[in-house]
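With mmCIF, C-alpha atoms inside, this is start_7.cif:
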```
data_run
loop_
_atom_site.label_atom_id
_atom_site.label_comp_id
_atom_site.auth_asym_id
_atom_site.auth_seq_id
_atom_site.Cartn_x
_atom_site.Cartn_y
_atom_site.Cartn_z
CA MET A 1 88.97 110.90 133.29
CA SER A 2 92.54 111.15 134.42
CA LEU A 3 95.32 112.79 132.45
CA ILE A 4 96.88 109.40 131.71
CA ARG A 5 93.64 108.17 130.13
CA TRP A 6 93.46 111.24 127.92
CA ALA A 7 97.08 110.69 126.92
CA ILE A 8 96.37 107.05 126.04
CA LEU A 9 93.35 108.16 124.03
CA LEU A 10 95.35 110.71 122.02
CA ALA A 11 98.22 108.27 121.53
CA SER A 12 95.79 105.69 120.19
CA VAL A 13 94.42 108.22 117.68
CA VAL A 14 97.93 109.05 116.47
CA PHE A 15 98.74 105.35 116.30
CA TYR A 16 95.60 104.65 114.30
CA SER A 17 96.27 107.59 111.96
CA VAL A 18 99.77 106.36 111.27
CA TRP A 19 98.81 102.76 110.87
CA PHE A 20 95.78 103.41 108.71
CA PRO A 21 96.15 106.99 107.36
CA ASP A 22 93.56 106.20 104.73
CA GLY A 23 91.55 103.60 106.61
CA PRO A 24 92.35 99.91 106.86
CA PRO A 25 93.33 98.87 103.34
CA PRO A 26 91.91 97.94 100.93
CA LEU A 27 88.43 98.90 102.18
CA HIS A 28 87.12 102.34 101.41
CA ILE A 29 84.12 101.61 103.58
CA ARG A 30 85.87 102.04 106.88
CA LEU A 31 85.55 103.00 110.50
CA ASP A 32 86.85 106.53 111.06
CA TYR A 33 88.12 105.80 114.53
CA ASP A 34 89.15 109.40 115.23
CA LEU A 35 85.64 110.71 114.48
CA VAL A 36 84.01 108.10 116.70
CA VAL A 37 86.37 109.04 119.55
CA ILE A 38 85.62 112.75 119.10
CA ALA A 39 81.87 112.05 119.11
CA LEU A 40 82.09 109.90 122.24
CA ILE A 41 84.07 112.59 124.03
CA GLY A 42 81.29 115.03 123.08
CA PHE A 43 78.67 112.62 124.41
CA TYR A 44 80.25 112.07 127.78
CA ARG A 45 82.20 115.23 128.47
CA GLY A 46 79.94 117.90 126.89
CA PRO A 47 80.53 120.50 124.20
CA ARG A 48 83.53 122.26 125.77
CA VAL A 49 85.73 119.22 126.20
CA GLY A 50 84.33 117.80 122.93
CA ALA A 51 85.41 120.92 121.04
CA ALA A 52 88.86 121.07 122.65
CA LEU A 53 89.74 117.40 122.32
CA GLY A 54 88.02 117.28 118.92
CA TRP A 55 90.33 120.01 117.67
CA ILE A 56 93.46 118.24 118.92
CA ILE A 57 92.41 114.81 117.62
CA GLY A 58 91.34 116.19 114.23
CA PHE A 59 94.58 118.14 113.97
CA LEU A 60 96.72 115.13 114.91
CA ALA A 61 94.84 112.76 112.63
CA GLN A 62 95.54 115.03 109.64
CA ALA A 63 98.96 116.34 110.71
CA THR A 64 100.82 114.66 107.83
CA ASP A 65 99.24 117.10 105.40
CA PRO A 66 99.84 120.86 105.91
CA TRP A 67 96.59 121.69 104.13
CA ARG A 68 94.32 119.17 105.82
CA LEU A 69 95.48 119.64 109.40
CA VAL A 70 93.64 122.99 109.61
CA TRP A 71 90.36 121.47 108.46
CA GLY A 72 90.85 118.35 110.60
CA GLY A 73 91.15 120.58 113.68
CA LEU A 74 88.28 122.85 112.73
CA PHE A 75 85.77 120.15 111.81
CA GLY A 76 86.92 117.95 114.71
CA SER A 77 86.11 120.71 117.18
CA LEU A 78 82.74 121.37 115.52
CA LEU A 79 81.88 117.68 115.63
CA GLY A 80 82.77 117.37 119.32
CA TRP A 81 80.85 120.53 120.13
CA PHE A 82 77.68 119.59 118.21
CA VAL A 83 77.51 116.08 119.64
CA GLY A 84 78.08 117.56 123.10
CA ILE A 85 75.21 120.04 122.63
CA TRP A 86 72.85 117.40 121.27
CA SER A 87 73.67 114.96 124.02
CA GLN A 88 72.62 117.61 126.55
CA ARG A 89 69.42 118.59 124.80
CA LEU A 90 68.07 115.37 123.34
CA PHE A 91 67.17 112.07 124.83
CA LEU A 92 70.10 109.98 123.73
CA GLU A 93 70.06 106.90 125.91
CA ASN A 94 68.03 105.13 123.28
CA LEU A 95 70.29 103.32 120.83
CA TRP A 96 68.46 104.52 117.74
CA SER A 97 68.31 108.19 118.76
CA ARG A 98 72.02 108.07 119.49
CA TRP A 99 72.66 106.38 116.14
CA ILE A 100 70.64 109.03 114.26
CA VAL A 101 72.44 111.92 115.98
CA LEU A 102 75.83 110.37 115.24
CA ALA A 103 74.93 109.65 111.62
CA ILE A 104 73.80 113.25 111.08
CA ALA A 105 76.94 114.61 112.77
CA PHE A 106 79.32 112.35 110.83
CA MET A 107 77.62 113.01 107.50
CA THR A 108 77.68 116.78 108.09
CA TYR A 109 81.37 116.54 108.97
CA LYS A 110 82.15 114.55 105.82
CA ILE A 111 80.09 116.77 103.53
CA PHE A 112 82.04 119.87 104.60
CA TYR A 113 85.40 118.19 104.96
CA LEU A 114 85.27 116.56 101.51
CA ALA A 115 84.03 119.82 99.97
CA ILE A 116 87.14 121.57 101.32
CA ILE A 117 89.51 118.77 100.30
CA MET A 118 88.03 118.41 96.81
CA ALA A 119 88.23 122.20 96.40
CA GLY A 120 85.72 122.77 93.64
CA ASP A 121 85.80 119.31 92.06
CA TRP A 122 82.07 118.77 92.61
CA GLY A 123 81.92 115.59 90.57
CA GLY A 124 84.67 114.05 92.69
CA TRP A 125 82.96 115.40 95.80
CA LEU A 126 79.66 113.71 94.95
CA THR A 127 81.40 110.45 94.07
CA SER A 128 83.34 110.50 97.34
CA LEU A 129 80.17 111.21 99.29
CA GLY A 130 78.33 108.32 97.64
CA LEU A 131 81.07 105.72 97.55
CA GLN A 132 83.08 106.60 100.63
CA ALA A 133 81.43 108.99 103.06
CA LEU A 134 77.92 107.54 103.13
CA PRO A 135 78.89 103.88 103.68
CA SER A 136 81.55 104.78 106.25
CA THR A 137 79.06 107.07 108.03
CA LEU A 138 76.76 104.07 108.52
CA ILE A 139 79.66 102.09 109.96
CA ASP A 140 80.89 104.99 112.11
CA ALA A 141 77.44 105.72 113.52
CA THR A 142 76.81 102.03 114.28
CA ALA A 143 80.19 101.66 115.96
CA GLY A 144 79.74 104.94 117.88
CA ALA A 145 76.26 104.03 119.12
CA ALA A 146 77.30 100.50 120.08
CA LEU A 147 80.43 101.74 121.87
CA GLY A 148 78.43 104.45 123.62
CA ASN A 149 75.88 101.93 124.90
CA ALA A 150 78.65 99.57 126.03
CA LEU A 151 80.27 102.46 127.93
CA ASP A 152 76.89 103.30 129.48
CA ARG A 153 76.42 99.74 130.69
CA LEU A 154 79.95 99.72 132.06
CA ARG A 155 79.30 102.92 133.98
CA VAL A 156 75.98 101.68 135.31
CA SER A 157 77.49 98.39 136.50
CA ARG A 158 80.35 100.26 138.17
CA THR A 159 77.91 102.56 139.93
CA GLU A 160 75.89 99.60 141.14
CA THR A 161 79.03 97.85 142.34
CA SER A 162 80.27 100.87 144.20
CA ALA A 163 76.86 101.55 145.77
CA GLY A 164 76.74 99.00 148.53
CA ALA A 165 78.06 95.86 146.95
CA THR A 166 81.24 95.56 148.96
CA PRO A 167 81.87 92.13 150.52
CA ALA A 168 81.39 93.53 154.01
CA GLU A 169 77.90 94.74 153.18
CA ARG A 170 76.71 91.56 151.48
CA PRO A 171 74.41 89.39 153.57
CA PRO A 172 76.06 86.15 154.74
CA ARG A 173 75.15 83.02 152.78
CA GLU A 174 72.83 80.63 154.41
CA SER A 175 74.56 77.46 155.69
CA ARG A 176 73.02 74.20 154.64
CA MET B 1 73.61 129.49 128.92
CA ARG B 2 73.84 129.73 125.14
CA LEU B 3 76.20 132.65 125.36
CA ARG B 4 78.30 130.80 127.86
CA LEU B 5 78.57 127.84 125.53
CA LEU B 6 79.58 130.10 122.71
CA TRP B 7 81.92 132.45 124.48
CA TRP B 8 84.00 132.90 127.57
CA SER B 9 82.45 132.77 131.00
CA SER B 10 84.40 133.48 134.13
CA GLU B 11 83.89 129.98 135.56
CA ARG B 12 84.24 127.74 132.53
CA PRO B 13 85.70 128.91 129.23
CA ALA B 14 83.87 128.13 126.00
CA VAL B 15 86.29 126.31 123.77
CA LEU B 16 84.67 126.30 120.35
CA PRO B 17 85.35 129.97 119.46
CA TRP B 18 88.96 129.51 120.43
CA ALA B 19 89.23 126.34 118.38
CA ILE B 20 87.75 128.17 115.38
CA LEU B 21 90.06 131.14 115.96
CA LEU B 22 93.04 128.83 116.10
CA SER B 23 92.02 127.16 112.84
CA VAL B 24 91.51 130.53 111.12
CA ALA B 25 94.91 131.65 112.43
CA LEU B 26 96.47 128.48 111.03
CA LEU B 27 94.84 129.20 107.68
CA ALA B 28 96.11 132.77 107.76
CA ILE B 29 99.74 131.98 108.60
CA GLY B 30 100.36 130.68 105.13
CA GLU B 31 101.56 127.50 103.47
CA GLY B 32 105.18 127.73 104.63
CA ALA B 33 104.38 127.93 108.32
CA ARG B 34 101.79 125.16 108.02
CA GLN B 35 104.36 122.96 106.34
CA SER B 36 106.82 123.62 109.18
CA LEU B 37 104.13 122.77 111.72
CA SER B 38 103.21 119.60 109.86
CA ALA B 39 106.89 118.63 109.58
CA LEU B 40 107.33 119.20 113.32
CA MET B 41 104.36 116.98 114.13
CA VAL B 42 105.49 114.30 111.71
CA ASP B 43 109.06 114.31 112.99
CA TYR B 44 108.27 114.17 116.69
CA VAL B 45 104.81 112.59 116.93
CA TYR B 46 104.43 110.39 113.89
CA ALA B 47 108.01 109.29 113.14
CA PRO B 48 108.39 107.08 116.25
CA VAL B 49 105.13 105.32 115.42
CA PHE B 50 106.14 105.02 111.75
CA ALA B 51 109.42 103.44 112.88
CA MET B 52 107.68 101.01 115.20
CA LYS B 53 105.19 100.05 112.52
CA TYR B 54 107.99 99.47 110.06
CA ARG B 55 109.94 97.32 112.51
CA ILE B 56 106.92 95.18 113.32
CA THR B 57 105.76 94.70 109.74
CA SER B 58 109.23 94.20 108.28
CA GLY B 59 110.27 91.87 111.11
CA ALA B 60 107.52 89.44 110.19
CA THR B 61 108.73 89.01 106.64
CA VAL B 62 112.45 89.60 107.04
CA PHE B 63 113.60 86.07 106.21
CA GLU B 64 111.54 85.75 103.04
CA GLU B 65 112.59 89.25 101.96
CA ASN B 66 116.23 88.50 102.62
CA ARG B 67 116.14 85.41 100.45
CA ALA B 68 114.30 87.24 97.68
CA LEU B 69 116.73 90.16 97.90
CA GLN B 70 119.76 87.89 97.67
CA GLN B 71 118.35 86.37 94.53
CA ARG B 72 117.58 89.83 93.20
CA VAL B 73 121.11 91.04 93.97
CA ALA B 74 122.56 88.14 92.02
CA GLU B 75 120.33 88.86 89.04
CA LEU B 76 121.09 92.58 89.17
CA SER B 77 124.82 91.98 89.40
CA VAL B 78 124.71 90.13 86.11
CA ALA B 79 122.49 92.80 84.56
CA ASN B 80 124.72 95.54 85.94
CA GLN B 81 127.83 94.10 84.31
CA ARG B 82 126.06 93.99 80.99
CA LEU B 83 124.77 97.54 81.39
CA ARG B 84 128.20 98.90 82.31
CA GLU B 85 129.55 97.51 79.09
CA GLN B 86 126.72 99.15 77.19
CA GLU B 87 127.22 102.43 79.07
CA VAL B 88 130.88 102.55 78.16
CA GLU B 89 129.91 101.97 74.57
CA ASN B 90 127.20 104.61 74.88
CA GLY B 91 129.78 107.07 76.27
CA ARG B 92 132.04 106.49 73.33
CA LEU B 93 129.18 107.01 70.90
CA ARG B 94 128.15 110.20 72.71
CA GLN B 95 131.66 111.49 72.40
CA LEU B 96 131.62 110.72 68.70
CA LEU B 97 128.26 112.44 68.25
CA GLN B 98 129.19 115.25 70.67
CA PHE B 99 126.00 115.00 72.71
CA SER B 100 125.85 117.81 75.20
CA GLU B 101 123.74 116.40 77.99
CA SER B 102 123.32 113.32 80.06
CA TRP B 103 122.86 112.31 83.65
CA THR B 104 123.77 109.73 86.18
CA ALA B 105 121.79 109.05 89.26
CA ARG B 106 122.47 108.06 92.83
CA ALA B 107 119.62 106.30 94.54
CA ILE B 108 118.83 106.48 98.24
CA PRO B 109 116.70 103.52 99.35
CA ALA B 110 113.70 104.25 101.56
CA GLU B 111 110.60 102.59 102.91
CA VAL B 112 107.09 103.88 102.37
CA VAL B 113 105.82 104.65 105.87
CA GLY B 114 102.69 106.60 105.03
CA PRO B 115 100.93 105.03 102.05
CA VAL B 116 99.28 106.93 99.22
CA SER B 117 96.13 108.62 100.44
CA SER B 118 93.10 108.38 98.16
CA SER B 119 92.24 112.02 98.72
CA SER B 120 95.63 113.66 98.20
CA GLY B 121 97.93 111.20 96.38
CA VAL B 122 100.77 112.05 98.71
CA MET B 123 102.86 109.53 100.67
CA TRP B 124 105.66 109.58 103.24
CA ILE B 125 109.02 107.82 102.95
CA ASN B 126 111.50 107.30 105.78
CA ALA B 127 114.44 109.15 104.25
CA GLY B 128 114.78 112.85 104.90
CA ARG B 129 117.23 115.69 105.33
CA TRP B 130 119.53 113.57 107.47
CA ARG B 131 120.06 111.26 104.50
CA ASN B 132 120.55 114.19 102.14
CA VAL B 133 117.23 113.84 100.34
CA GLN B 134 116.14 117.13 98.78
CA VAL B 135 112.94 118.64 97.46
CA GLY B 136 112.45 117.93 93.78
CA TRP B 137 114.15 114.54 93.68
CA PRO B 138 112.31 111.89 91.71
CA VAL B 139 111.17 108.78 93.58
CA ALA B 140 110.92 105.41 91.87
CA THR B 141 110.73 101.70 92.52
CA GLU B 142 112.72 99.15 90.59
CA ASP B 143 109.64 98.86 88.36
CA GLY B 144 109.24 102.52 87.49
CA LEU B 145 108.64 106.14 88.44
CA VAL B 146 106.48 106.85 91.49
CA GLY B 147 106.62 110.61 92.01
CA ARG B 148 108.63 113.53 93.32
CA VAL B 149 109.75 114.74 96.73
CA ILE B 150 107.80 117.89 97.65
CA ASP B 151 108.74 118.33 101.28
CA VAL B 152 111.60 117.15 103.47
CA THR B 153 111.82 116.87 107.25
CA ASP B 154 114.80 115.62 109.22
CA ARG B 155 113.78 111.98 109.05
CA LEU B 156 110.99 111.78 106.48
CA SER B 157 110.07 113.10 103.05
CA ARG B 158 106.70 113.78 101.53
CA VAL B 159 106.28 112.51 97.99
CA ARG B 160 103.67 113.66 95.49
CA THR B 161 102.95 110.49 93.57
CA LEU B 162 101.66 109.99 90.06
CA TRP B 163 98.23 109.35 91.65
CA ASP B 164 97.70 112.99 92.47
CA ARG B 165 95.59 115.35 90.39
CA ILE B 166 98.35 117.96 90.42
CA SER B 167 101.02 115.55 89.10
CA ARG B 168 102.13 115.87 85.49
CA VAL B 169 104.90 113.85 83.83
CA ALA B 170 106.27 114.60 80.37
CA ILE B 171 106.88 111.28 78.63
CA TYR B 172 108.14 109.68 75.43
CA ASN B 173 106.86 106.55 73.83
CA ARG B 174 109.98 104.38 73.90
CA ARG B 175 109.19 102.75 70.53
CA SER B 176 107.89 105.63 68.42
CA ARG B 177 109.26 108.62 70.42
CA VAL B 178 105.79 110.22 70.45
CA ALA B 179 105.59 112.70 73.35
CA GLY B 180 102.73 113.36 75.73
CA ILE B 181 101.77 114.32 79.25
CA LEU B 182 100.76 111.80 81.92
CA SER B 183 98.22 112.75 84.54
CA TRP B 184 95.80 111.05 86.92
CA GLU B 185 92.08 111.40 87.45
CA SER B 186 90.89 108.34 89.34
CA GLY B 187 91.53 104.63 89.83
CA PRO B 188 94.87 102.84 89.57
CA ASP B 189 95.62 103.82 85.95
CA LEU B 190 96.99 107.07 84.53
CA GLU B 191 95.84 109.11 81.56
CA LEU B 192 98.05 110.07 78.64
CA THR B 193 97.04 113.36 77.05
CA TYR B 194 98.13 115.68 74.24
CA VAL B 195 98.61 112.82 71.77
CA LEU B 196 97.10 113.44 68.36
CA PRO B 197 94.95 110.74 66.70
CA SER B 198 97.51 110.47 63.89
CA ALA B 199 100.34 109.64 66.33
CA ASP B 200 101.99 106.24 66.30
CA VAL B 201 100.84 104.69 69.58
CA GLN B 202 99.87 101.11 70.30
CA VAL B 203 98.57 99.15 73.24
CA GLY B 204 101.57 97.69 75.06
CA ASP B 205 103.97 100.55 74.24
CA THR B 206 106.29 101.51 77.08
CA LEU B 207 106.41 105.13 78.22
CA ILE B 208 109.54 106.73 79.66
CA SER B 209 110.12 110.15 81.21
CA SER B 210 111.28 112.66 78.61
CA GLY B 211 113.28 114.92 80.93
CA TRP B 212 111.44 118.01 79.67
CA GLY B 213 111.19 120.73 82.27
CA GLY B 214 113.91 119.15 84.36
CA THR B 215 111.49 117.73 86.92
CA PHE B 216 112.24 114.11 86.13
CA PRO B 217 115.41 112.78 84.53
CA LYS B 218 115.13 111.39 81.05
CA GLY B 219 114.68 107.66 80.61
CA LEU B 220 112.86 106.52 83.75
CA GLN B 221 110.21 104.04 82.72
CA VAL B 222 106.74 105.03 83.85
CA GLY B 223 104.11 102.71 82.43
CA MET B 224 102.56 100.83 79.57
CA ILE B 225 99.67 101.83 77.33
CA ALA B 226 96.70 99.75 78.49
CA SER B 227 93.98 100.99 76.15
CA ILE B 228 93.32 103.62 73.50
CA ASP B 229 89.86 105.11 73.24
CA THR B 230 89.15 105.25 69.53
CA VAL B 231 85.87 107.10 69.93
CA GLN B 232 87.08 110.63 69.45
CA ILE B 233 85.52 113.20 71.71
CA ASP B 234 88.38 115.62 71.70
CA VAL B 235 91.25 116.87 69.56
CA TYR B 236 93.52 114.45 71.39
CA LEU B 237 93.34 110.70 71.99
CA ARG B 238 92.20 109.36 75.35
CA ILE B 239 94.83 106.86 76.34
CA SER B 240 94.83 104.82 79.55
CA VAL B 241 98.24 103.93 80.94
CA GLN B 242 99.02 101.19 83.42
CA PRO B 243 101.91 102.43 85.58
CA PHE B 244 104.70 99.93 86.31
CA ALA B 245 104.72 100.98 89.97
CA ARG B 246 101.40 100.24 91.66
CA ALA B 247 100.00 102.65 94.25
CA ASP B 248 98.67 99.88 96.47
CA ARG B 249 101.90 97.90 96.47
CA LEU B 250 104.49 100.54 97.27
CA GLU B 251 106.88 99.38 99.97
CA GLN B 252 110.49 100.00 99.02
CA VAL B 253 111.39 102.98 96.86
CA PHE B 254 114.43 105.00 95.85
CA ALA B 255 114.89 108.76 96.07
CA ILE B 256 117.01 109.54 93.03
CA ARG B 257 119.61 112.31 93.01
CA PRO B 258 120.17 113.45 89.46
CA ASP B 259 123.85 114.43 89.03
CA GLN B 260 124.28 116.53 85.98
CA PHE B 261 127.53 116.19 84.20
CA ASP B 262 128.93 117.45 81.03
CA SER B 263 128.90 114.72 78.67
CA GLY B 264 130.87 115.09 76.07
CA THR B 265 133.10 113.70 78.81
CA VAL B 266 132.48 110.21 79.98
CA PRO B 267 132.66 109.80 83.78
CA GLU B 268 135.98 108.60 85.10
CA GLU B 269 134.72 105.23 86.27
CA LEU B 270 133.18 104.45 82.91
CA ARG B 271 136.23 105.14 80.89
CA PRO B 272 137.76 102.05 79.37
#
```
Just give me the structure of the file as structure tokens.
Amino acid sequence: MSLIRWAILLASVVFYSVWFPDGPPPLHIRLDYDLVVIALIGFYRGPRVGAALGWIIGFLAQATDPWRLVWGGLFGSLLGWFVGIWSQRLFLENLWSRWIVLAIAFMTYKIFYLAIIMAGDWGGWLTSLGLQALPSTLIDATAGAALGNALDRLRVSRTETSAGATPAERPPRESR
Amino acid sequence: MRLRLLWWSSERPAVLPWAILLSVALLAIGEGARQSLSALMVDYVYAPVFAMKYRITSGATVFEENRALQQRVAELSVANQRLREQEVENGRLRQLLQFSESWTARAIPAEVVGPVSSSSGVMWINAGRWRNVQVGWPVATEDGLVGRVIDVTDRLSRVRTLWDRISRVAIYNRRSRVAGILSWESGPDLELTYVLPSADVQVGDTLISSGWGGTFPKGLQVGMIASIDTVQIDVYLRISVQPFARADRLEQVFAIRPDQFDSGTVPEELRP
């Protein structure tokens, strides 16, 4: 992916974070766009790029809060790295396997992230996990898996197009 | 392979350890440096997007807002005249009673550009150091108190709202003068604590800031008592307070500069 595409990707994360810093109101059950992007980067670019871009995206998404930006970067890089590792070691072309891996990764991320943010308020932590993290994990994993499969199809169709489908190589139509 | 993924290899560097190291370093540098870093990011990465968002969203409703504001200005002008009369009278009475303290306030209007987050209760407003906003200033809407400025960048300020677990506001009951402390646990409403069961409080009473501690000026209205839990489980009553400013409807606010002045003297402009 070219530098410009990466720049557009990062800009879109910043834009999303600014526009919906707490998810699209008034829904608490929301798509965490930044997490889905980090996971997809892990899927397609491997653990190294996943960890690097995950750190930057997590950091930027939480940059308005001096306390949270550290954890956004840390957990973002872990998320990108783990998804990258799993995508190399597991069979992830199947929609359901991809969905399960994403759901586990997102839920792990949210369990640790909320534990840090809640800082000892375990009642609030459990409530947030139940009412916010779990439902949005289902949405995030569904969106991530669907987007991943759409990207796969796009890549496959591009490969097919580039492999011998140029107009010059097509057989001439039969004249009636 | 595993080692390569975890650490540096000559061909392709492993990134995760460096990302973790960077995060640990950020944790270690302390709150002040993190705040500077956050302010830098907000000023140069977020602020342009905040501004664009504001222009787009405000542009869509500008005509309706303008009409509503004109009407509001007319109403406030009438109210202002009446209040100035009362303030002059108040000044005279203070002189007679030799009260030693009072305050005036200058309000700097601002827009909420980063709404209240459910996890931290902190929001961003688009007035910062360049408009002379300072840390510690109260922030309010025309309905009531919202919070306090805790951090200022060149163009933006971070406000800790009433909907933050750390926030505490010392209040008076306007009717009975019973004092208490307002805090927040969850949901849109606040909790009034340290009020004894024998205290004179009723549903519908208005609460105003008491000025204790000097964090908030005295007399800013904060909310209304919504319910009183009569089932006693503690030494103090459990009172739910509906704030006048609503967290989910914050758009235009004022950063208030409290100007202390000695009161036995009435300000020049208020003298008859």
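Counting all atoms listed in the file, every residue of chain A that comes within 7 Å of chain B is listed here: Phe15, Val18, Pro21, Asp22, Arg48, Ala51, Ala52, Trp55, Ala63, Thr64, Asp65, Pro66, Val70, Gly73, Leu74, Ser77 and Trp81 of chain A.
Among the candidate residues B:Ser77, B:Thr153, B:Asn173, B:Thr141, the one lying nearest to Gly128 in chain B is B:Thr153, with distances computed using only C-alpha atoms.
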*Please return, as a list in words, all polymer residues that have at least one atom within 10 Å of the point (91.6, 118.1, 119.2); use only C-alpha atoms and the file's own coordinate frame.*
Leu10, Asp34, Ile38, Val49, Gly50, Ala51, Ala52, Leu53, Gly54, Trp55, Ile56, Ile57, Gly58, Phe59, Leu60, Ala61, Gly72, Gly73, Leu74, Phe75, Gly76, Ser77 and Gly80 of chain A; Ala19 of chain B
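For Leu207 in chain B, the set of protein, DNA and RNA residues having any atom at most 10 Å away, when counting all atoms listed in the file and skipping those fewer than 5 positions along the same chain, is Ala170, Ile171, Tyr172, Asn173, Arg174, Arg175, Ser176, Arg177, Val178, Ala179, Gly180, Leu182, Leu192, Gly219, Leu220, Gln221, Val222, Gly223, Met224, Ile225, Val241, Gln242, Pro243 and Phe244 of chain B.
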*Would you mind listing what lies within 8 Å of Ala146 in chain A as a ChimeraX atom specification, with all atoms listed in the file counted and same-chain residues fewer than 4 positions away left out?*
/A:95,142,150
Provide range 211-249 of chain B of the preceding structure as a file containing C-alpha atoms, as a PDB file, in the first residue's frame.
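After the write, selection38.pdb holds the following:
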```pdb
ATOM      1  CA  GLY B 211     -18.291  29.229  46.472  1.00  0.00           C
ATOM      2  CA  TRP B 212     -16.593  27.160  49.172  1.00  0.00           C
ATOM      3  CA  GLY B 213     -13.031  26.259  48.305  1.00  0.00           C
ATOM      4  CA  GLY B 214     -12.889  28.922  45.631  1.00  0.00           C
ATOM      5  CA  THR B 215     -13.243  26.435  42.771  1.00  0.00           C
ATOM      6  CA  PHE B 216     -16.590  27.734  41.605  1.00  0.00           C
ATOM      7  CA  PRO B 217     -17.981  31.217  42.214  1.00  0.00           C
ATOM      8  CA  LYS B 218     -20.927  31.510  44.524  1.00  0.00           C
ATOM      9  CA  GLY B 219     -24.408  31.607  43.040  1.00  0.00           C
ATOM     10  CA  LEU B 220     -24.139  29.608  39.802  1.00  0.00           C
ATOM     11  CA  GLN B 221     -27.207  27.442  39.518  1.00  0.00           C
ATOM     12  CA  VAL B 222     -26.399  23.763  39.146  1.00  0.00           C
ATOM     13  CA  GLY B 223     -29.525  21.639  39.276  1.00  0.00           C
ATOM     14  CA  MET B 224     -32.799  20.683  40.848  1.00  0.00           C
ATOM     15  CA  ILE B 225     -33.541  17.948  43.369  1.00  0.00           C
ATOM     16  CA  ALA B 226     -35.248  15.166  41.407  1.00  0.00           C
ATOM     17  CA  SER B 227     -35.810  12.589  44.125  1.00  0.00           C
ATOM     18  CA  ILE B 228     -34.981  11.877  47.763  1.00  0.00           C
ATOM     19  CA  ASP B 229     -34.425   8.302  48.842  1.00  0.00           C
ATOM     20  CA  THR B 230     -36.258   8.005  52.134  1.00  0.00           C
ATOM     21  CA  VAL B 231     -35.040   4.485  52.820  1.00  0.00           C
ATOM     22  CA  GLN B 232     -32.062   5.265  54.985  1.00  0.00           C
ATOM     23  CA  ILE B 233     -29.024   3.135  54.380  1.00  0.00           C
ATOM     24  CA  ASP B 234     -26.477   5.639  55.530  1.00  0.00           C
ATOM     25  CA  VAL B 235     -25.984   8.535  57.919  1.00  0.00           C
ATOM     26  CA  TYR B 236     -26.757  10.886  55.049  1.00  0.00           C
ATOM     27  CA  LEU B 237     -29.687  11.139  52.648  1.00  0.00           C
ATOM     28  CA  ARG B 238     -29.365   9.824  49.101  1.00  0.00           C
ATOM     29  CA  ILE B 239     -30.565  12.625  46.900  1.00  0.00           C
ATOM     30  CA  SER B 240     -30.722  12.542  43.104  1.00  0.00           C
ATOM     31  CA  VAL B 241     -30.213  15.865  41.358  1.00  0.00           C
ATOM     32  CA  GLN B 242     -31.192  16.717  37.808  1.00  0.00           C
ATOM     33  CA  PRO B 243     -28.585  19.156  36.485  1.00  0.00           C
ATOM     34  CA  PHE B 244     -29.880  22.152  34.516  1.00  0.00           C
ATOM     35  CA  ALA B 245     -27.177  21.634  31.884  1.00  0.00           C
ATOM     36  CA  ARG B 246     -27.532  18.273  30.147  1.00  0.00           C
ATOM     37  CA  ALA B 247     -24.434  16.287  29.181  1.00  0.00           C
ATOM     38  CA  ASP B 248     -25.931  15.092  25.900  1.00  0.00           C
ATOM     39  CA  ARG B 249     -27.073  18.542  24.805  1.00  0.00           C
TER      40      ARG B 249
END
```
